[in-house]
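Chemist: coords22.cif is reproduced in full below (mmCIF, C-alpha atoms).
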```cif
data_upload
loop_
_atom_site.group_PDB
_atom_site.id
_atom_site.type_symbol
_atom_site.label_atom_id
_atom_site.label_comp_id
_atom_site.auth_asym_id
_atom_site.auth_seq_id
_atom_site.Cartn_x
_atom_site.Cartn_y
_atom_site.Cartn_z
ATOM 1 C CA MET A 1 -19.235 -98.604 57.307
ATOM 2 C CA ARG A 2 -15.813 -99.050 58.871
ATOM 3 C CA THR A 3 -15.173 -102.781 58.595
ATOM 4 C CA LEU A 4 -16.306 -105.865 56.709
ATOM 5 C CA PRO A 5 -16.434 -109.520 57.793
ATOM 6 C CA ASP A 6 -13.189 -111.458 57.379
ATOM 7 C CA ASP A 7 -15.017 -114.280 55.601
ATOM 8 C CA LEU A 8 -16.904 -112.138 53.100
ATOM 9 C CA ASP A 9 -15.212 -113.946 50.229
ATOM 10 C CA LEU A 10 -16.861 -117.195 51.344
ATOM 11 C CA THR A 11 -20.387 -115.845 50.881
ATOM 12 C CA TRP A 12 -20.230 -113.120 48.224
ATOM 13 C CA PRO A 13 -19.720 -113.910 44.527
ATOM 14 C CA HIS A 14 -16.243 -113.521 43.085
ATOM 15 C CA PHE A 15 -15.422 -111.311 40.057
ATOM 16 C CA ALA A 16 -18.554 -109.243 40.715
ATOM 17 C CA THR A 17 -19.390 -105.543 40.764
ATOM 18 C CA ILE A 18 -18.844 -104.072 44.229
ATOM 19 C CA TYR A 19 -19.321 -100.400 45.121
ATOM 20 C CA ILE A 20 -18.543 -99.372 48.694
ATOM 21 C CA GLU A 21 -18.525 -95.621 48.263
ATOM 22 C CA ALA A 22 -18.592 -92.652 50.650
ATOM 23 C CA SER A 23 -18.033 -94.917 53.653
ATOM 24 C CA ASN A 24 -15.423 -94.959 56.402
ATOM 25 C CA LEU A 25 -13.050 -97.709 55.333
ATOM 26 C CA THR A 26 -9.487 -96.720 56.215
ATOM 27 C CA ASP A 27 -7.913 -99.704 54.485
ATOM 28 C CA VAL A 28 -8.918 -102.332 51.962
ATOM 29 C CA PRO A 29 -10.206 -105.417 53.800
ATOM 30 C CA PRO A 30 -8.396 -108.615 52.693
ATOM 31 C CA SER A 31 -11.748 -110.343 52.172
ATOM 32 C CA LEU A 32 -12.616 -107.742 49.511
ATOM 33 C CA VAL A 33 -9.303 -108.287 47.765
ATOM 34 C CA ARG A 34 -9.889 -112.052 47.731
ATOM 35 C CA LEU A 35 -13.248 -111.487 46.012
ATOM 36 C CA ALA A 36 -11.298 -110.079 43.038
ATOM 37 C CA PRO A 37 -14.137 -107.782 41.871
ATOM 38 C CA PHE A 38 -14.168 -107.004 38.169
ATOM 39 C CA ASP A 39 -15.779 -103.601 38.744
ATOM 40 C CA PHE A 40 -14.714 -102.209 42.113
ATOM 41 C CA SER A 41 -15.241 -98.799 43.667
ATOM 42 C CA LEU A 42 -13.954 -97.557 47.004
ATOM 43 C CA ALA A 43 -14.485 -93.911 46.073
ATOM 44 C CA LEU A 44 -14.662 -91.347 48.866
ATOM 45 C CA ASN A 45 -13.323 -93.679 51.558
ATOM 46 C CA PRO A 46 -10.422 -92.435 53.729
ATOM 47 C CA ILE A 47 -7.997 -95.101 52.505
ATOM 48 C CA SER A 48 -4.393 -94.065 51.894
ATOM 49 C CA SER A 49 -3.076 -97.111 50.054
ATOM 50 C CA ILE A 50 -4.206 -100.103 48.040
ATOM 51 C CA PRO A 51 -2.549 -103.514 47.860
ATOM 52 C CA ALA A 52 -0.907 -104.558 44.609
ATOM 53 C CA SER A 53 -3.070 -107.688 44.624
ATOM 54 C CA MET A 54 -6.104 -105.521 43.789
ATOM 55 C CA ILE A 55 -4.482 -104.761 40.437
ATOM 56 C CA GLU A 56 -2.581 -107.951 39.627
ATOM 57 C CA GLY A 57 -4.308 -109.959 36.917
ATOM 58 C CA ASN A 58 -7.345 -107.662 37.002
ATOM 59 C CA ALA A 59 -8.714 -106.695 33.582
ATOM 60 C CA GLY A 60 -11.590 -104.694 35.049
ATOM 61 C CA TYR A 61 -12.153 -101.324 36.673
ATOM 62 C CA LEU A 62 -10.973 -99.817 39.951
ATOM 63 C CA HIS A 63 -12.253 -96.507 41.315
ATOM 64 C CA VAL A 64 -10.341 -95.028 44.243
ATOM 65 C CA GLY A 65 -11.132 -91.390 43.514
ATOM 66 C CA GLY A 66 -11.682 -89.044 46.429
ATOM 67 C CA THR A 67 -9.476 -91.137 48.734
ATOM 68 C CA LEU A 68 -6.276 -90.202 50.570
ATOM 69 C CA ILE A 69 -4.099 -92.074 48.081
ATOM 70 C CA SER A 70 -0.967 -90.250 46.954
ATOM 71 C CA ASP A 71 0.880 -93.179 45.402
ATOM 72 C CA LEU A 72 0.001 -96.469 43.729
ATOM 73 C CA PRO A 73 1.838 -99.694 44.643
ATOM 74 C CA GLU A 74 5.398 -99.553 43.340
ATOM 75 C CA VAL A 75 5.532 -103.187 42.285
ATOM 76 C CA VAL A 76 2.613 -104.846 40.515
ATOM 77 C CA HIS A 77 3.095 -108.213 38.822
ATOM 78 C CA ASP A 78 0.924 -109.260 35.896
ATOM 79 C CA ALA A 79 -0.830 -105.920 35.360
ATOM 80 C CA SER A 80 -3.405 -106.387 32.611
ATOM 81 C CA PRO A 81 -3.162 -104.000 29.640
ATOM 82 C CA TYR A 82 -6.978 -103.779 29.812
ATOM 83 C CA PHE A 83 -7.146 -102.610 33.438
ATOM 84 C CA LYS A 84 -8.623 -99.138 34.071
ATOM 85 C CA ILE A 85 -8.261 -96.988 37.155
ATOM 86 C CA ARG A 86 -9.854 -93.824 38.533
ATOM 87 C CA LEU A 87 -7.661 -91.621 40.695
ATOM 88 C CA ASP A 88 -9.580 -88.359 40.452
ATOM 89 C CA ASN A 89 -9.421 -86.085 43.489
ATOM 90 C CA THR A 90 -6.395 -87.882 44.931
ATOM 91 C CA ASN A 91 -2.841 -86.683 45.498
ATOM 92 C CA VAL A 92 -1.258 -88.904 42.826
ATOM 93 C CA SER A 93 1.540 -87.051 41.045
ATOM 94 C CA PHE A 94 3.280 -89.810 39.056
ATOM 95 C CA PHE A 95 2.890 -93.432 37.945
ATOM 96 C CA TRP A 96 5.071 -96.537 38.164
ATOM 97 C CA GLU A 97 6.278 -98.401 35.076
ATOM 98 C CA TRP A 98 3.861 -101.327 35.508
ATOM 99 C CA ILE A 99 1.181 -99.011 34.108
ATOM 100 C CA ASP A 100 2.929 -98.665 30.728
ATOM 101 C CA PRO A 101 1.237 -101.717 29.110
ATOM 102 C CA MET A 102 -2.115 -100.066 29.868
ATOM 103 C CA VAL A 103 -0.904 -96.848 28.263
ATOM 104 C CA GLU A 104 0.371 -98.714 25.196
ATOM 105 C CA ASN A 105 -3.031 -100.394 24.868
ATOM 106 C CA ALA A 106 -5.011 -97.146 25.164
ATOM 107 C CA ASP A 107 -6.167 -97.192 21.524
ATOM 108 C CA SER A 108 -7.985 -100.507 21.885
ATOM 109 C CA SER A 109 -9.231 -99.943 25.433
ATOM 110 C CA ILE A 110 -11.278 -96.772 25.049
ATOM 111 C CA ALA A 111 -14.117 -98.344 23.049
ATOM 112 C CA ASP A 112 -16.331 -98.549 26.145
ATOM 113 C CA GLY A 113 -15.927 -94.812 26.802
ATOM 114 C CA ILE A 114 -14.084 -95.333 30.076
ATOM 115 C CA PRO A 115 -10.580 -93.841 30.168
ATOM 116 C CA ILE A 116 -7.530 -95.921 31.037
ATOM 117 C CA ILE A 117 -6.628 -93.458 33.777
ATOM 118 C CA LEU A 118 -8.937 -90.778 35.134
ATOM 119 C CA ALA A 119 -6.925 -88.392 37.295
ATOM 120 C CA THR A 120 -9.031 -85.227 37.475
ATOM 121 C CA ASN A 121 -7.999 -82.771 40.218
ATOM 122 C CA SER A 122 -4.757 -84.601 40.960
ATOM 123 C CA PRO A 123 -1.251 -83.086 41.003
ATOM 124 C CA TYR A 124 -0.518 -85.179 37.902
ATOM 125 C CA CYS A 125 -3.361 -83.595 35.933
ATOM 126 C CA LEU A 126 -2.436 -80.142 37.219
ATOM 127 C CA ASP A 127 1.083 -80.659 35.861
ATOM 128 C CA LEU A 128 -0.331 -82.035 32.626
ATOM 129 C CA GLN A 129 -2.477 -78.954 32.076
ATOM 130 C CA HIS A 130 0.480 -76.641 32.755
ATOM 131 C CA ILE A 131 2.525 -78.639 30.232
ATOM 132 C CA TYR A 132 -0.203 -78.454 27.574
ATOM 133 C CA ASP A 133 -0.553 -74.712 28.219
ATOM 134 C CA GLY A 134 3.203 -74.189 27.800
ATOM 135 C CA GLU A 135 3.607 -73.018 31.400
ATOM 136 C CA GLN A 136 6.162 -75.696 32.327
ATOM 137 C CA PRO A 137 8.371 -77.999 30.233
ATOM 138 C CA SER A 138 8.174 -81.119 32.405
ATOM 139 C CA PHE A 139 6.430 -82.764 35.332
ATOM 140 C CA SER A 140 7.242 -81.183 38.683
ATOM 141 C CA THR A 141 7.592 -84.436 40.641
ATOM 142 C CA PRO A 142 11.207 -85.679 40.802
ATOM 143 C CA MET A 143 11.827 -88.877 38.837
ATOM 144 C CA HIS A 144 11.793 -92.148 40.769
ATOM 145 C CA LYS A 145 13.556 -95.336 39.795
ATOM 146 C CA GLY A 146 10.940 -97.567 38.184
ATOM 147 C CA GLN A 147 8.677 -94.672 37.200
ATOM 148 C CA SER A 148 6.543 -94.872 34.049
ATOM 149 C CA LYS A 149 8.525 -93.593 31.092
ATOM 150 C CA LEU A 150 5.437 -93.042 28.947
ATOM 151 C CA LEU A 151 3.591 -90.993 31.569
ATOM 152 C CA SER A 152 6.690 -89.005 32.559
ATOM 153 C CA ASP A 153 7.591 -87.829 29.056
ATOM 154 C CA ALA A 154 6.273 -84.277 28.680
ATOM 155 C CA SER A 155 7.648 -83.758 25.162
ATOM 156 C CA VAL A 156 5.205 -82.536 22.516
ATOM 157 C CA GLU A 157 5.870 -85.742 20.580
ATOM 158 C CA ASN A 158 4.373 -87.709 23.494
ATOM 159 C CA TRP A 159 1.275 -85.571 23.994
ATOM 160 C CA LEU A 160 -0.953 -87.828 21.899
ATOM 161 C CA THR A 161 0.003 -90.787 24.091
ATOM 162 C CA LEU A 162 -0.717 -88.773 27.230
ATOM 163 C CA GLN A 163 -4.057 -87.573 25.881
ATOM 164 C CA LYS A 164 -5.170 -91.101 25.000
ATOM 165 C CA ALA A 165 -4.141 -92.575 28.344
ATOM 166 C CA VAL A 166 -4.974 -89.914 30.927
ATOM 167 C CA VAL A 167 -8.248 -88.024 31.185
ATOM 168 C CA CYS A 168 -8.487 -84.967 33.414
ATOM 169 C CA ASP A 169 -12.133 -84.053 32.758
ATOM 170 C CA GLU A 170 -14.749 -83.975 35.514
ATOM 171 C CA TRP A 171 -16.741 -87.161 36.113
ATOM 172 C CA PRO A 172 -19.381 -87.953 38.759
ATOM 173 C CA ALA A 173 -17.624 -88.640 42.070
ATOM 174 C CA THR A 174 -19.177 -92.083 42.528
ATOM 175 C CA TYR A 175 -20.177 -94.915 40.217
ATOM 176 C CA TYR A 176 -23.401 -95.497 42.119
ATOM 177 C CA PRO A 177 -25.854 -92.704 41.205
ATOM 178 C CA ILE A 178 -26.317 -91.389 44.748
ATOM 179 C CA GLU A 179 -27.513 -87.982 43.529
ATOM 180 C CA PHE A 180 -30.119 -89.593 41.246
ATOM 181 C CA GLU A 181 -31.393 -91.825 44.039
ATOM 182 C CA GLU A 182 -31.673 -88.831 46.373
ATOM 183 C CA GLU A 183 -33.599 -86.868 43.729
ATOM 184 C CA CYS A 184 -36.020 -89.788 43.291
ATOM 185 C CA ARG A 185 -36.492 -90.123 47.050
ATOM 186 C CA ILE A 186 -37.202 -86.413 47.466
ATOM 187 C CA GLY A 187 -39.533 -86.488 44.463
ATOM 188 C CA SER A 188 -41.486 -89.386 46.008
ATOM 189 C CA ILE A 189 -41.801 -87.579 49.340
ATOM 190 C CA GLU A 190 -42.981 -84.385 47.638
ATOM 191 C CA GLN A 191 -45.537 -86.349 45.625
ATOM 192 C CA SER A 192 -46.773 -88.088 48.780
ATOM 193 C CA LEU A 193 -47.129 -84.762 50.579
ATOM 194 C CA ALA A 194 -48.995 -83.273 47.625
ATOM 195 C CA THR A 195 -51.505 -86.128 47.597
ATOM 196 C CA GLY A 196 -51.760 -86.274 51.390
ATOM 197 C CA PHE A 197 -50.359 -89.793 51.512
ATOM 198 C CA TRP A 198 -47.252 -90.705 53.476
ATOM 199 C CA TRP A 199 -45.614 -94.096 53.161
#
```
Just give me the structure as structure tokens.
Modeler:
Amino acid sequence: MRTLPDDLDLTWPHFATIYIEASNLTDVPPSLVRLAPFDFSLALNPISSIPASMIEGNAGYLHVGGTLISDLPEVVHDASPYFKIRLDNTNVSFFWEWIDPMVENADSSIADGIPIILATNSPYCLDLQHIYDGEQPSFSTPMHKGQSKLLSDASVENWLTLQKAVVCDEWPATYYPIEFEEECRIGSIEQSLATGFWW
């Protein structure tokens, strides 16, 4: 899938769960943004940026892992402290200061088992591991004006904050269980072949 209808927001429900994963979207269609999904995954699409409006006022989940993203929007107004984002397998190396309310709220937001920020296999997590291992004293990305202070502080005193907010463990690449569905499909075919019945 490369495109979506411009009027999708007139027919699909708003604030829904939408997973468009492992497709060929190169940007985020405005109609999807207008739907304001609560649980939204664009994992494994070749998109290189996301609009700030996908984050603004959203208290749900956004998965853009496995995309070409190297930077989040610099300015986001009204970022919810309950918002959660997956950036695993991207080239994200730092975060902007609008993310700090999410970091400050990490204690009360992890009850559902979903991390505030999942950044596995990103330059940020690579730096983080080197810092934890004592191999470097600070993040390697130069500081930017407006950068997150909480997620740029590599001091030992800040490690607990970093550990609560950012997870670097492996997770399944997509929200939709593609591998499970494929296993079920293959299992059904094998069973049909074994019984001599093909559907």
Chemist: With a distance cut-off of 9 Å and only C-alpha atoms, select the neighbouring residues of range 147-151 of chain A, excluding the residue or stretch itself and same-chain residues fewer than 3 positions from it, and output the selection as number ranges by chain.
Modeler: A: 74, 94-100, 103-104, 143-144, 154, 158, 161-162, 165-166
Chemist: Running the PyMOL selection byres ((chain A and resi 65) around 7) on this model by hand, what would come out? Give it as an mmCIF file with C-alpha atoms, in the coordinates of the input.
Modeler:
```
data_model
loop_
_atom_site.group_PDB
_atom_site.id
_atom_site.type_symbol
_atom_site.label_atom_id
_atom_site.label_comp_id
_atom_site.auth_asym_id
_atom_site.auth_seq_id
_atom_site.Cartn_x
_atom_site.Cartn_y
_atom_site.Cartn_z
ATOM 1 C CA ALA A 43 -14.485 -93.911 46.073
ATOM 2 C CA LEU A 44 -14.662 -91.347 48.866
ATOM 3 C CA HIS A 63 -12.253 -96.507 41.315
ATOM 4 C CA VAL A 64 -10.341 -95.028 44.243
ATOM 5 C CA GLY A 66 -11.682 -89.044 46.429
ATOM 6 C CA THR A 67 -9.476 -91.137 48.734
ATOM 7 C CA ARG A 86 -9.854 -93.824 38.533
ATOM 8 C CA LEU A 87 -7.661 -91.621 40.695
ATOM 9 C CA ASP A 88 -9.580 -88.359 40.452
ATOM 10 C CA ASN A 89 -9.421 -86.085 43.489
ATOM 11 C CA THR A 90 -6.395 -87.882 44.931
#
```
Chemist: In terms of the shortest atom-to-atom distance over all atoms listed in the file, which of A:Trp159, A:Asn58, A:Pro5, A:Ile116 is closest to Gln129 in chain A?
Modeler: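 Result for the nearest residue to Gln129 in chain A: A:Trp159.
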Chemist: Using the chain letters and numbering of this document, enumerate as a ChimeraX atom specification the residues selected by the PyMOL selection byres ((chain A and resi 17) around 8).
Modeler: /A:15-16,18-19,37-40
Chemist: Evaluate the PyMOL selection byres ((chain A and resi 76) around 8) and record the selected residues as a ChimeraX atom specification, following the chain and residue labels used in the document.
Modeler: /A:52-53,55-56,73-75,77-79,98
Chemist: Work out how far CA of Trp171 in chain A is from CA of Ser23 in chain A, in Å to one decimal.
Modeler: 19.2 Å
Chemist: Have a look at CA of Ser31 in chain A and CA of Pro172 in chain A and let me know their distance in Å, one decimal.
Modeler: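 Those two atoms sit 27.2 Å apart.
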Chemist: Kindly give the distance, in Å, that separates CA of Ala106 in chain A and CA of Leu68 in chain A, rounded to a single decimal.
Modeler: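 So the two atoms, CA of Ala106 in chain A and CA of Leu68 in chain A, lie 26.4 Å apart.
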Chemist: Determine, counting all atoms listed in the file, which protein, DNA and RNA residues have an atom within 9 Å of an atom of Val33 in chain A; residues of the same chain fewer than 4 positions away are not included. Present the result as a list in words.
Modeler: Asp9, Val28, Pro29, Pro37, Pro51, Ser53 and Met54 of chain A
Chemist: Within 12 Å of Ser140 in chain A, counting all atoms listed in the file, which residues show up once you throw out same-chain ones fewer than 5 positions away? Write them as a PyMOL selection string, please.
Modeler: chain A and resi 93-94+123-131+135+152-154
